[in-house]
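Printed here is query_20.txt (compact mmCIF, C-alpha atoms and all ligand atoms):
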```
# COMPACT_ATOMS: atom_id res chain seq x y z
CA MET A 1 0.81 -19.36 -9.21
CA LYS A 2 -0.25 -16.68 -11.66
CA ASP A 3 -3.37 -14.73 -10.76
CA GLN A 4 -6.34 -15.89 -12.85
CA LEU A 5 -8.83 -13.07 -12.62
CA THR A 6 -6.91 -9.96 -13.46
CA PRO A 7 -4.94 -9.19 -16.60
CA SER A 8 -2.13 -7.40 -14.76
CA PRO A 9 -2.50 -8.03 -11.04
CA ASN A 10 1.06 -7.25 -10.15
CA PRO A 11 2.50 -4.63 -12.49
CA THR A 12 5.41 -3.81 -10.15
CA GLY A 13 6.71 -7.34 -10.11
CA GLN A 14 6.37 -7.15 -6.32
CA GLN A 15 6.00 -10.71 -5.05
CA TRP A 16 3.83 -11.01 -1.96
CA ASN A 17 5.11 -13.66 0.39
CA THR A 18 2.31 -13.83 2.96
CA ALA A 19 4.47 -15.43 5.67
CA ALA A 20 7.17 -12.74 5.31
CA TYR A 21 4.50 -10.05 5.20
CA ALA A 22 2.84 -11.39 8.35
CA ALA A 23 6.21 -11.41 10.13
CA ASN A 24 7.70 -8.16 8.78
CA GLY A 25 4.81 -6.05 7.55
CA ARG A 26 2.51 -6.25 10.56
CA PHE A 27 3.18 -2.59 11.36
CA VAL A 28 1.27 -1.61 8.19
CA ALA A 29 -2.05 -2.54 9.84
CA THR A 30 -0.96 -1.60 13.35
CA LEU A 31 -0.17 1.99 12.35
CA ALA A 32 -3.48 2.54 10.56
CA THR A 33 -5.37 3.89 13.58
CA GLY A 34 -5.70 7.42 12.16
CA VAL A 35 -7.29 6.38 8.89
CA VAL A 36 -9.58 3.87 10.64
CA GLU A 37 -10.74 6.67 12.97
CA LEU A 38 -11.44 8.82 9.92
CA LEU A 39 -13.54 5.98 8.47
CA ALA A 40 -15.45 5.57 11.77
CA PRO A 41 -17.12 2.32 10.62
CA GLN A 42 -20.71 1.87 11.78
CA SER A 43 -22.50 -1.38 12.51
CA GLY A 44 -24.51 -2.58 9.50
CA GLU A 45 -22.70 -0.37 6.98
CA HIS A 46 -21.49 -1.98 3.76
CA ILE A 47 -17.76 -1.30 3.47
CA LEU A 48 -15.26 -2.31 0.79
CA ASP A 49 -11.67 -2.72 1.98
CA LEU A 50 -9.67 -2.07 -1.18
CA GLY A 51 -6.26 -3.76 -1.25
CA CYS A 52 -7.01 -5.67 1.93
CA GLY A 53 -3.77 -7.67 1.89
CA ASP A 54 -3.81 -10.48 4.43
CA GLY A 55 -6.99 -9.11 6.03
CA ALA A 56 -5.52 -7.99 9.38
CA LEU A 57 -7.27 -4.62 9.14
CA THR A 58 -10.37 -5.99 7.37
CA GLU A 59 -10.89 -8.20 10.42
CA GLN A 60 -10.79 -5.13 12.70
CA LEU A 61 -13.34 -3.31 10.51
CA ALA A 62 -15.66 -6.35 10.50
CA ALA A 63 -15.42 -6.54 14.31
CA THR A 64 -17.28 -3.20 14.51
CA GLY A 65 -20.38 -4.87 13.04
CA ALA A 66 -19.86 -3.37 9.57
CA ILE A 67 -20.47 -5.73 6.66
CA VAL A 68 -17.07 -5.79 5.03
CA ILE A 69 -15.87 -7.19 1.72
CA GLY A 70 -12.11 -7.26 1.17
CA VAL A 71 -10.61 -7.06 -2.30
CA ASP A 72 -7.04 -7.74 -3.36
CA ALA A 73 -5.24 -8.33 -6.67
CA SER A 74 -2.80 -10.83 -5.16
CA SER A 75 -4.11 -14.39 -5.05
CA THR A 76 -1.79 -15.26 -2.14
CA MET A 77 -3.11 -12.32 -0.10
CA VAL A 78 -6.72 -13.24 -0.97
CA ALA A 79 -6.09 -16.77 0.31
CA ALA A 80 -4.49 -15.46 3.53
CA ALA A 81 -7.40 -13.09 4.18
CA ARG A 82 -10.00 -15.80 3.45
CA ALA A 83 -8.23 -18.04 5.97
CA ARG A 84 -9.39 -15.53 8.62
CA GLY A 85 -12.98 -16.32 7.66
CA LEU A 86 -13.47 -12.99 5.87
CA ARG A 87 -15.39 -12.40 2.66
CA VAL A 88 -12.66 -11.51 0.18
CA GLU A 89 -12.80 -11.21 -3.60
CA HIS A 90 -9.98 -11.26 -6.12
CA HIS A 91 -10.09 -8.16 -8.30
CA ASN A 92 -7.87 -5.46 -9.67
CA ALA A 93 -8.67 -2.04 -8.14
CA THR A 94 -8.80 -0.54 -11.63
CA ALA A 95 -11.71 -2.79 -12.63
CA LEU A 96 -13.99 -3.39 -9.66
CA PRO A 97 -17.26 -5.13 -10.58
CA TYR A 98 -19.45 -3.22 -8.05
CA GLU A 99 -22.06 -0.56 -8.71
CA ASN A 100 -23.90 1.64 -6.16
CA GLN A 101 -23.17 -0.93 -3.49
CA PHE A 102 -21.11 0.51 -0.63
CA ASP A 103 -21.60 3.09 2.12
CA ALA A 104 -17.82 3.47 2.24
CA VAL A 105 -14.73 2.38 0.38
CA PHE A 106 -11.68 2.16 2.62
CA SER A 107 -8.05 1.64 1.66
CA ASN A 108 -4.82 1.54 3.64
CA ALA A 109 -1.32 1.37 2.16
CA ALA A 110 -2.50 -0.08 -1.15
CA LEU A 111 -3.19 2.72 -3.63
CA HIS A 112 0.48 3.65 -4.00
CA TRP A 113 1.09 0.30 -5.73
CA ILE A 114 -1.08 1.36 -8.68
CA ARG A 115 -0.01 4.11 -11.07
CA ASP A 116 -3.30 4.19 -12.98
CA ALA A 117 -5.07 6.30 -10.35
CA GLU A 118 -7.70 7.55 -12.81
CA SER A 119 -9.01 4.02 -13.40
CA VAL A 120 -8.96 3.23 -9.66
CA LEU A 121 -10.95 6.36 -8.84
CA LYS A 122 -13.47 5.70 -11.59
CA SER A 123 -13.91 2.17 -10.30
CA VAL A 124 -14.31 3.29 -6.66
CA HIS A 125 -16.77 6.03 -7.65
CA ARG A 126 -18.95 3.46 -9.42
CA ALA A 127 -18.82 1.10 -6.42
CA LEU A 128 -20.11 3.73 -3.96
CA LYS A 129 -23.70 4.73 -3.29
CA PRO A 130 -24.44 8.45 -3.93
CA ASN A 131 -22.90 10.66 -1.19
CA ALA A 132 -21.02 7.66 0.24
CA ARG A 133 -17.46 8.13 1.44
CA PHE A 134 -14.03 7.15 0.22
CA ILE A 135 -11.51 7.16 3.07
CA ALA A 136 -7.95 6.15 2.39
CA GLU A 137 -4.29 6.45 3.23
CA LEU A 138 -1.40 5.84 0.85
CA GLY A 139 2.20 6.88 0.49
CA GLY A 140 2.36 10.56 -0.42
CA GLN A 141 4.90 12.87 -2.03
CA GLY A 142 8.36 12.32 -0.51
CA ASN A 143 7.46 8.89 0.82
CA ILE A 144 10.53 6.74 1.61
CA ALA A 145 12.60 9.36 -0.23
CA ALA A 146 15.96 8.33 1.24
CA ILE A 147 15.35 4.63 0.54
CA ARG A 148 14.26 5.32 -3.04
CA THR A 149 17.21 7.61 -3.71
CA ALA A 150 19.67 5.03 -2.38
CA LEU A 151 18.14 2.25 -4.51
CA GLN A 152 18.06 4.47 -7.58
CA ALA A 153 21.76 5.35 -7.17
CA LEU A 154 23.01 1.88 -6.32
CA LEU A 155 21.04 -0.08 -8.92
CA ALA A 156 21.80 2.29 -11.82
CA PRO A 157 25.25 0.71 -12.45
CA TYR A 158 23.44 -2.60 -13.01
CA GLY A 159 21.20 -0.96 -15.63
CA ILE A 160 18.15 -1.01 -13.34
CA ASP A 161 15.90 2.03 -12.95
CA ALA A 162 14.61 1.29 -9.44
CA GLU A 163 11.92 3.98 -9.53
CA GLU A 164 10.47 2.75 -12.82
CA THR A 165 10.69 -0.89 -11.75
CA ALA A 166 8.98 -0.30 -8.40
CA ALA A 167 6.35 1.76 -10.28
CA SER A 168 5.05 3.35 -7.09
CA PHE A 169 2.66 6.30 -7.03
CA PHE A 170 3.24 8.84 -4.26
CA PRO A 171 1.11 11.89 -5.13
CA SER A 172 1.00 15.32 -3.51
CA PRO A 173 -2.27 16.50 -1.89
CA ALA A 174 -2.87 18.96 -4.75
CA GLN A 175 -2.34 16.28 -7.39
CA TYR A 176 -4.59 13.71 -5.70
CA LYS A 177 -7.30 16.27 -4.89
CA ARG A 178 -7.42 17.16 -8.57
CA LEU A 179 -7.69 13.48 -9.54
CA LEU A 180 -10.47 12.91 -6.99
CA GLU A 181 -12.44 15.91 -8.22
CA GLN A 182 -11.98 14.93 -11.86
CA ALA A 183 -13.41 11.50 -10.98
CA GLY A 184 -16.51 13.06 -9.42
CA PHE A 185 -15.62 13.24 -5.72
CA ALA A 186 -15.97 16.13 -3.30
CA VAL A 187 -12.91 16.34 -1.06
CA GLN A 188 -13.56 16.96 2.64
CA SER A 189 -9.92 16.70 3.74
CA ILE A 190 -6.57 15.65 2.29
CA ASP A 191 -3.34 15.83 4.28
CA LEU A 192 0.29 14.88 3.92
CA ILE A 193 1.48 13.34 7.20
CA PRO A 194 5.16 12.51 7.81
CA ARG A 195 5.25 9.27 9.78
CA PRO A 196 8.78 8.06 10.58
CA THR A 197 8.23 4.34 11.02
CA PRO A 198 10.39 2.07 13.21
CA LEU A 199 11.32 -1.07 11.28
CA PRO A 200 11.13 -4.38 13.09
CA GLN A 201 14.41 -6.25 13.33
CA THR A 202 14.52 -10.03 13.08
CA ARG A 203 17.07 -12.49 14.45
CA GLN A 204 18.44 -12.91 10.92
CA SER A 205 18.61 -9.33 9.69
CA ASN A 206 18.40 -5.67 10.65
CA GLY A 207 15.26 -3.60 10.10
CA MET A 208 16.33 -2.13 6.76
CA GLU A 209 17.46 -5.44 5.29
CA THR A 210 14.16 -7.00 6.33
CA TRP A 211 12.20 -4.08 4.83
CA LEU A 212 14.10 -4.18 1.52
CA ASN A 213 13.68 -7.95 1.23
CA THR A 214 9.95 -7.66 1.99
CA PHE A 215 8.97 -4.58 0.00
CA ARG A 216 11.63 -4.18 -2.70
CA ASN A 217 12.21 -7.82 -3.64
CA GLY A 218 10.56 -7.09 -7.01
CA VAL A 219 13.46 -4.73 -7.77
CA LEU A 220 16.34 -6.57 -6.07
CA ASP A 221 15.39 -9.96 -7.52
CA LEU A 222 16.22 -8.67 -11.00
CA LEU A 223 19.88 -9.14 -10.04
CA PRO A 224 21.81 -12.41 -9.94
CA ALA A 225 22.34 -13.61 -6.36
CA GLU A 226 25.88 -12.28 -5.89
CA ASP A 227 25.09 -8.82 -7.29
CA ARG A 228 21.87 -8.78 -5.25
CA SER A 229 23.81 -9.31 -2.01
CA LYS A 230 26.32 -6.60 -2.94
CA ALA A 231 23.62 -4.08 -3.94
CA LEU A 232 21.62 -4.82 -0.81
CA ALA A 233 24.67 -4.32 1.44
CA ALA A 234 25.62 -1.08 -0.37
CA THR A 235 22.07 0.30 -0.03
CA ILE A 236 22.03 -0.46 3.68
CA ALA A 237 25.48 1.12 4.16
CA LEU A 238 24.43 4.30 2.33
CA LEU A 239 21.25 4.62 4.40
CA HIS A 240 22.86 3.77 7.72
CA PRO A 241 23.93 7.31 8.77
CA ILE A 242 20.48 8.69 7.91
CA LEU A 243 17.96 6.06 9.02
CA CYS A 244 19.73 4.04 11.74
CA ASP A 245 20.29 5.27 15.30
CA THR A 246 23.27 4.55 17.55
CA GLU A 247 21.46 1.52 19.04
CA GLY A 248 21.01 -0.10 15.61
CA ASN A 249 17.30 0.77 15.33
CA TRP A 250 16.15 1.56 11.80
CA THR A 251 13.39 4.01 10.92
CA ALA A 252 11.84 4.39 7.46
CA ASP A 253 10.97 7.88 6.21
CA TYR A 254 7.29 7.18 5.50
CA VAL A 255 4.98 10.04 4.47
CA ARG A 256 1.23 9.32 4.39
CA LEU A 257 -1.41 10.96 2.23
CA ARG A 258 -4.73 10.63 4.08
CA PHE A 259 -8.03 11.81 2.67
CA HIS A 260 -11.79 11.88 3.12
CA ALA A 261 -13.82 12.28 -0.05
CA THR A 262 -17.45 11.66 -0.91
CA ARG A 263 -19.10 10.58 -4.12
CA ALA A 264 -20.64 13.82 -5.38
C1 LIG B 301 4.26 2.46 2.01
O1 LIG B 301 3.42 1.97 2.77
O2 LIG B 301 4.37 3.67 1.86
C2 LIG B 301 5.16 1.57 1.25
C3 LIG B 301 5.36 0.28 1.67
C4 LIG B 301 6.19 -0.53 0.96
C5 LIG B 301 6.84 -0.07 -0.15
C6 LIG B 301 6.64 1.22 -0.57
C7 LIG B 301 5.81 2.04 0.14
```
In structure tokens, what does this structure look like?
Ligand code: BEZ
Amino acid sequence: MKDQLTPSPNPTGQQWNTAAYAANGRFVATLATGVVELLAPQSGEHILDLGCGDGALTEQLAATGAIVIGVDASSTMVAAARARGLRVEHHNATALPYENQFDAVFSNAALHWIRDAESVLKSVHRALKPNARFIAELGGQGNIAAIRTALQALLAPYGIDAEETAASFFPSPAQYKRLLEQAGFAVQSIDLIPRPTPLPQTRQSNGMETWLNTFRNGVLDLLPAEDRSKALAATIALLHPILCDTEGNWTADYVRLRFHATRA
């Protein structure tokens, strides 16, 4: 079903299958300990979880006694998060309807899906109370570089520009610090953190195949079925010597950008 509330909720064409995400993307919330520690949620604080996905992490934040509202642009994710009994609203991060409302805005693994960072930061700034904090983690410069390079090379013969189609945003610390400051934030810390990430393997497919089918279906699904299978197999073969160990365990070359900023 098409999202009703946002003009362009899914600019990347990435389709969020909540069942597949729950099965294959669980590590996204599990590996968020560092950014949650940086947030240090306090009981009674009003916190916005921006790009809350299926609410796995939102639920953890709410368990601290903080008053948490989740927001996501995907209607399927909003439904999945609401099914946990959470308060979740359906908005695009570039056009949040809140003003002077939150003690903290938190975001994990969501901001790299949106290229219009200026609008996101303007929207977050407006949502925060004065001096309130914006704590987030997203993919940073060099994130999944090997995977992106393989897709770019192997989809080019089909006339697909994988980078443009995925439309991801993986900024450097200097670039994002500048954007934060231009939007009216003071930056307390901003760090690029390489985080090689083991990919779960399922009974049906290896870790890389599962990852590509979960997170790059918006790109691969542009191909007819036969070409899709060939391109998928070729991508996996090209990445195998780099990202797969001798036991068949795959690791993705994730790089996180983690920051703590406050509304100046
Ligand atoms: C990330 O968390 O960095 C990410 C996840 C899926 C696709 C692209 C990036």
request  = Write out as a PyMOL selection string the residues lying within 9 Å of Pro173 in chain A, counting all atoms listed in the file and excluding same-chain residues fewer than 4 positions away.
outcome  = chain A and resi 140-141+177-178+190-192+257-259
Write the residues of the preceding selection, restricted to C-alpha atoms, as a PDB file, in the coordinates of the input.
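Ended up saving to out.pdb:
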```
ATOM      1  CA  GLY A 140       2.360  10.560  -0.420  1.00  0.00           C
ATOM      2  CA  GLN A 141       4.900  12.870  -2.030  1.00  0.00           C
ATOM      3  CA  LYS A 177      -7.300  16.270  -4.890  1.00  0.00           C
ATOM      4  CA  ARG A 178      -7.420  17.160  -8.570  1.00  0.00           C
ATOM      5  CA  ILE A 190      -6.570  15.650   2.290  1.00  0.00           C
ATOM      6  CA  ASP A 191      -3.340  15.830   4.280  1.00  0.00           C
ATOM      7  CA  LEU A 192       0.290  14.880   3.920  1.00  0.00           C
ATOM      8  CA  LEU A 257      -1.410  10.960   2.230  1.00  0.00           C
ATOM      9  CA  ARG A 258      -4.730  10.630   4.080  1.00  0.00           C
ATOM     10  CA  PHE A 259      -8.030  11.810   2.670  1.00  0.00           C
TER      11      PHE A 259
END
```
message = Given all atoms listed in the file as the basis, pick out the residue of A:Ala117, A:Leu179, A:Ile47, A:Ala29 nearest to ligand LIG 301 (chain B).
response =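 Once distances to ligand LIG 301 (chain B) are computed over all atoms listed in the file, the minimum belongs to A:Ala29.
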Closest-contact table, chain A side, partner ligand LIG 301 (chain B), 6 Å, counting only C-alpha atoms and all ligand atoms, as CSV:
```
residue,atom,partner,partner_atom,distance
A:Ala109,CA,B:LIG301,O1,4.8
A:Gly139,CA,B:LIG301,O2,4.1
A:Phe215,CA,B:LIG301,C5,5.0
A:Tyr254,CA,B:LIG301,O2,5.8
```
Now that the selection is made, can you save its residues with C-alpha atoms as a PDB file, in the coordinates of the input?
```pdb
ATOM      1  CA  ALA A 109      -1.320   1.370   2.160  1.00  0.00           C
ATOM      2  CA  GLY A 139       2.200   6.880   0.490  1.00  0.00           C
ATOM      3  CA  PHE A 215       8.970  -4.580   0.000  1.00  0.00           C
ATOM      4  CA  TYR A 254       7.290   7.180   5.500  1.00  0.00           C
TER       5      TYR A 254
END
```
Emit as lines of an AutoDock Vina configuration file the padded axis-aligned box for all listed atoms of range 239-250 of chain A, 6 Å per side, with centre and edge lengths in Å to one decimal.
```
center_x = 20.0
center_y = 4.3
center_z = 11.7
size_x = 19.8
size_y = 20.8
size_z = 26.6
```
Pick from A:Phe27, A:Glu164, A:Gly218, A:Ala81 nearest to Ala252 in chain A, counting all atoms listed in the file =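 Answer, going by the shortest atom-to-atom distance: A:Phe27.
CA of Val124 in chain A is found 8.9 Å from CA of Glu99 in chain A.
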ask   = What does the distance between CA of Asn24 in chain A and CA of Asn213 in chain A come to in Å, to one decimal place?
value = 9.6 Å
Non-local contacts of range 128-134 of chain A (12 Å; all atoms listed in the file; under 2 positions in same chain excluded) as an MDAnalysis selection string = chainID A and resid 35:36 38:41 45:50 96:108 120:126 136:137 180 184:190 258:264
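Closest to Leu155 in chain A among A:Thr30, A:Thr235, A:Gln42, A:Asn17 is A:Thr235, based on only C-alpha atoms.
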Atomic separation - CA of Gly51 in chain A relative to CA of Ala73 in chain A, Å =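 Distance between the two atoms: 7.2 Å.
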For Ala153 in chain A, the nearest of the candidates A:Cys244, A:Ala231, A:Leu223, A:Ala166, counting only C-alpha atoms =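 The shortest atom-to-atom distance to Ala153 in chain A comes from A:Ala231.
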query = Hey, what's within 12 Å of Ala79 in chain A if we count only C-alpha atoms and toss same-chain stuff fewer than 6 positions away? As JSON, numbers by chain, please?
reply = {"A": [3, 16, 17, 18, 19, 52, 53, 54, 55, 70, 71, 72, 73, 85, 86, 87, 88, 89, 90]}
Top pick for closest residue to Thr197 in chain A, considering A:Arg216, A:Arg82, A:Arg256, A:His112 and counting all atoms listed in the file =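 Ranking A:Arg216, A:Arg82, A:Arg256, A:His112 by distance to Thr197 in chain A, first place goes to A:Arg256.
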task = Identify which of the residues A:Ser43, A:Thr94, A:Asn206, A:Ser74 lies closest to Ala62 in chain A, counting all atoms listed in the file when measuring atom-to-atom distances.
result =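 Comparing A:Ser43, A:Thr94, A:Asn206, A:Ser74 against Ala62 in chain A, the winner is A:Ser43.
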request  = Find the residues around Leu232 in chain A up to 8 Å (all atoms listed in the file counted), leave out those fewer than 5 positions away in its own chain, and share them as a VMD selection string.
outcome  = chain A and resid 209 212 220
request  = Extract, using only C-alpha atoms, all DNA, RNA and protein residues at most 12 Å from His240 in chain A, discarding same-chain residues fewer than 5 positions from it, and format them as a list in words.
outcome  =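 Here the answer would be Ala146, Ile147, Ala150, Asn206, Gly207, Met208, Glu209, Ala233, Ala234, Thr235, Asp245, Thr246, Glu247, Gly248, Asn249, Trp250, Thr251 and Ala252 of chain A.
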